[in-house]
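Read through the structure below, which is laid out as structure tokens, and then see the notes.
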Amino acid sequence: MFARTCEQFPTTAPHRAALARPGAPLPTGTPAGAGCVDEINAVYGTAATRTGAAAFTGWDRRTTEPSYSWLAQLTQGWTAREIRGFAAAARTENLAAPIGATQKVGTGTATGWVRYYDQQRELVNTLQKSGFDVWISSASPQPVVEVWAKGVGIDADHVIGIRNTTTRGGKFTSHLQGCGSVADGADTMITYIDGKRCWINKEIFGVRGADAEKVQPAARRQVFAAGDSDTDISFLRDATALRLVVNRNKNELMCRAYDNSDGRWIVNPMFIEPKPPKTTPYPCATTGYVGHDGTKGPVLRSDASVIPDQTDSVY
């Protein structure tokens, strides 16, 4: 599945040849495949190889996260149906595992369990019964999100994830679909911060071209939005009535949520293993915002005033 990774990020001389072609599984359960898995884990988790070399450069921090894009690109050679099958198997295994379980990944270990929030299911169900059109937008590969969305009662046609371009035979390429002014194959506009706004405008509200990147009139924006990460900032801000934030100690997100400048933000702790309170204030007035080029600065309100540092109070 991750053949190109082994070619791009070789570990030792015996592993410099590709271990599998795109669309074929790697021998990850063998000593030959373990080094490649370790490299994948390092690049995805730290954006660097195990030798410390930067894996990505030059990306727009408000429209893409290279590790997330790269994960979707690694599905090259497989079909959406096959990826859904992998995701479904992983979902079944990890839901069945006890809380706290780990699993072997390469030569290391990783979290080996997962749970849906019961509160999440209840919220989705209540909204749907009340007539809301509920969607999921995620910076994960489209087929994977489709599998997990089904578990909370959301159909695949109401899911927006990272979408690959495909061959005529339906196999994924290593390139991604674009949005707004970004063409297919440019690989610079995924469902991440401003890119998530673009994809929501495009897929839910039917906005085409560069206008999809802009904040829309209130009548063409979501009424309610919920999120737990900085990747959700723009689409949360676009919500016209209410914004629910689950506190995972993300700087810009928590600065905006705690500031609550328009009285429409709600903060809730994580429902499973909530994080402890942040011991220092969120650096809203100095470095809480990350610009397109990675430069850090103050978090600004819509009127350009600076949000003061915020103390963690919901955990």
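Chain labels run A, B, ... following the order of the structure tokens; each chain numbers its residues from 1, and ligands are numbered from 1 in the order shown.
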
What's the 9 Å shell around region 166-172 of chain A, counting only C-alpha atoms, without same-chain residues fewer than 5 positions away, as a short mmCIF file (atom, residue, chain, number, x, y, z; two decimals) with N, CA and C atoms, in the first residue's frame?
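See result21.cif below for the written result:
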```
data_model
loop_
_atom_site.label_atom_id
_atom_site.label_comp_id
_atom_site.auth_asym_id
_atom_site.auth_seq_id
_atom_site.Cartn_x
_atom_site.Cartn_y
_atom_site.Cartn_z
N GLY A 23 -0.85 -0.25 -5.23
CA GLY A 23 -2.00 -1.14 -5.35
C GLY A 23 -1.72 -2.54 -4.87
N GLN A 73 -2.33 10.37 -0.55
CA GLN A 73 -1.56 10.02 -1.75
C GLN A 73 -1.00 8.60 -1.69
N THR A 75 -2.52 6.06 -0.94
CA THR A 75 -3.52 5.09 -1.38
C THR A 75 -3.48 4.87 -2.88
N GLN A 76 -2.50 5.45 -3.55
CA GLN A 76 -2.35 5.27 -4.99
C GLN A 76 -2.39 3.79 -5.38
N GLY A 77 -3.14 3.48 -6.43
CA GLY A 77 -3.18 2.12 -6.94
C GLY A 77 -4.33 1.29 -6.42
N TRP A 78 -5.03 1.80 -5.39
CA TRP A 78 -6.18 1.09 -4.83
C TRP A 78 -7.47 1.78 -5.27
N THR A 79 -8.57 1.08 -5.19
CA THR A 79 -9.86 1.68 -5.48
C THR A 79 -10.51 2.15 -4.19
N ALA A 80 -11.53 3.00 -4.32
CA ALA A 80 -12.25 3.48 -3.14
C ALA A 80 -12.86 2.31 -2.37
#
```

- Write down as number ranges by chain the residues belonging to region 59-263 of chain A that are assigned helix (DSSP H, G or I) by DSSP computed on the backbone. A: 66-73, 80-96, 118-129, 142-150, 156-158, 194-203, 209-213, 218-220, 230-238, 251-259

- Leu123 (chain A): which residues within 10 Å, counting only C-alpha atoms, same-chain residues fewer than 6 positions away excluded, as a count of residues only? 3

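Counting only C-alpha atoms and comparing A:Gln103, A:Arg301, A:Gly195, A:Thr287, the residue that lies closest to Asp262 (chain A) is A:Arg301.
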
- Item | Nearby residues (only C-alpha atoms) at most 9 Å from region 41-53 of chain A, same-chain spacing under 5 positions excluded, as a list in words | Phe9, Thr11, Cys36, Pro66, Ser67, Tyr68, Trp70, Leu71, Val105 and Gly106 of chain A

Keeping only N, CA, C and O atoms, write the selected residues to a file as a compact mmCIF listing (two decimals), in the first residue's frame.
```
# COMPACT_ATOMS: atom_id res chain seq x y z
N PHE A 9 11.89 7.19 0.87
CA PHE A 9 12.52 7.31 2.17
C PHE A 9 13.19 6.00 2.56
O PHE A 9 12.79 5.34 3.51
N THR A 11 15.72 3.26 4.15
CA THR A 11 16.35 3.25 5.46
C THR A 11 17.78 2.76 5.36
O THR A 11 18.73 3.49 5.55
N CYS A 36 10.33 0.18 6.56
CA CYS A 36 9.50 1.07 5.77
C CYS A 36 8.35 1.61 6.61
O CYS A 36 8.02 2.79 6.54
N PRO A 66 0.59 18.81 4.97
CA PRO A 66 1.24 17.86 4.06
C PRO A 66 1.18 16.41 4.52
O PRO A 66 1.06 15.50 3.69
N SER A 67 1.24 16.16 5.81
CA SER A 67 1.15 14.77 6.27
C SER A 67 -0.20 14.17 5.93
O SER A 67 -0.30 12.99 5.55
N TYR A 68 -1.26 14.98 6.06
CA TYR A 68 -2.60 14.48 5.75
C TYR A 68 -2.74 14.23 4.25
O TYR A 68 -3.30 13.21 3.82
N TRP A 70 -0.33 13.58 2.19
CA TRP A 70 0.55 12.46 1.88
C TRP A 70 -0.11 11.13 2.20
O TRP A 70 -0.01 10.17 1.43
N LEU A 71 -0.85 11.07 3.31
CA LEU A 71 -1.55 9.84 3.66
C LEU A 71 -2.53 9.45 2.56
O LEU A 71 -2.59 8.29 2.14
N VAL A 105 3.42 -1.51 15.36
CA VAL A 105 3.51 -0.81 14.08
C VAL A 105 4.99 -0.73 13.72
O VAL A 105 5.75 0.01 14.36
N GLY A 106 5.41 -1.51 12.74
CA GLY A 106 6.83 -1.59 12.44
C GLY A 106 7.56 -2.20 13.62
O GLY A 106 7.20 -3.27 14.10
```

- Task: Run DSSP on the backbone and grab whatever in region 41-256 of chain A lands in strand (DSSP E); send it over as a PyMOL selection string.
- Result: chain A and resi 102-105+108-111+136-141+159-162+164-166+172-176+224-227+242-247

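Atom to atom, CA of Ala226 (chain A) and CA of Val246 (chain A) stand 7.8 Å apart.
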
- Note on the structure: A straight line from CA of Thr188 (chain A) to CA of Asp157 (chain A) spans 23.3 Å

Contacts of Asp211 (chain A) at 12 Å or less, counting only C-alpha atoms, minus same-chain residues fewer than 4 places along, as a compact mmCIF listing (two decimals) with C-alpha atoms, in the first residue's frame?
```txt
# COMPACT_ATOMS: atom_id res chain seq x y z
CA CYS A 179 -11.22 23.24 -4.92
CA GLY A 180 -11.83 26.91 -5.70
CA SER A 181 -8.98 28.31 -7.74
CA VAL A 182 -6.89 25.17 -7.18
CA ARG A 197 -14.32 26.20 4.00
CA CYS A 198 -13.73 25.88 0.26
CA TRP A 199 -14.81 22.24 0.12
CA ILE A 200 -17.92 22.87 2.22
CA ASN A 201 -18.92 25.78 0.00
CA LYS A 202 -18.30 23.67 -3.10
CA PHE A 205 -23.68 25.00 -1.13
CA GLY A 206 -22.76 24.55 -4.78
CA VAL A 207 -20.31 27.45 -4.98
CA VAL A 215 -16.94 33.55 3.23
CA GLN A 216 -20.44 33.29 1.81
CA PRO A 217 -23.56 35.33 2.68
```

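With only C-alpha atoms as the atoms that count, the residue of A:Val314, A:Ala89, A:Ile233, A:Met270 with the shortest distance to Asp118 (chain A) is A:Met270.
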
- Message: Here is a test: counting only C-alpha atoms, which residue of A:Val114, A:Ile204, A:Ala88, A:Asp194 is nearest to Arg237 (chain A)?
- Response: A:Asp194

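Nearest-residue note for Gly33 (chain A): choosing from A:Thr279, A:Glu213, A:Thr107, A:Asn247, the minimum distance belongs to A:Thr107, counting only C-alpha atoms.
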
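A straight line drawn from CA of Asn260 (chain A) to CA of Thr286 (chain A) is 18.1 Å long.
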
- Query: For Gln310 (chain A), which residue out of A:Glu82, A:Glu203, A:Asp259, A:Asp293 is the nearest one, using only C-alpha atoms?
  - Reply: A:Asp259

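Shortest atom-to-atom contact with Arg264 (chain A) among A:Tyr315, A:Phe132, A:Phe224, A:Phe56: A:Phe224, counting only C-alpha atoms.
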
- Query: Which polymer residues have any atom within 7 Å of an atom of Thr191 (chain A), counting only C-alpha atoms, with same-chain residues fewer than 3 positions away left out, as a ChimeraX atom specification?
  - Reply: /A:138-139,161-162,195-196,199
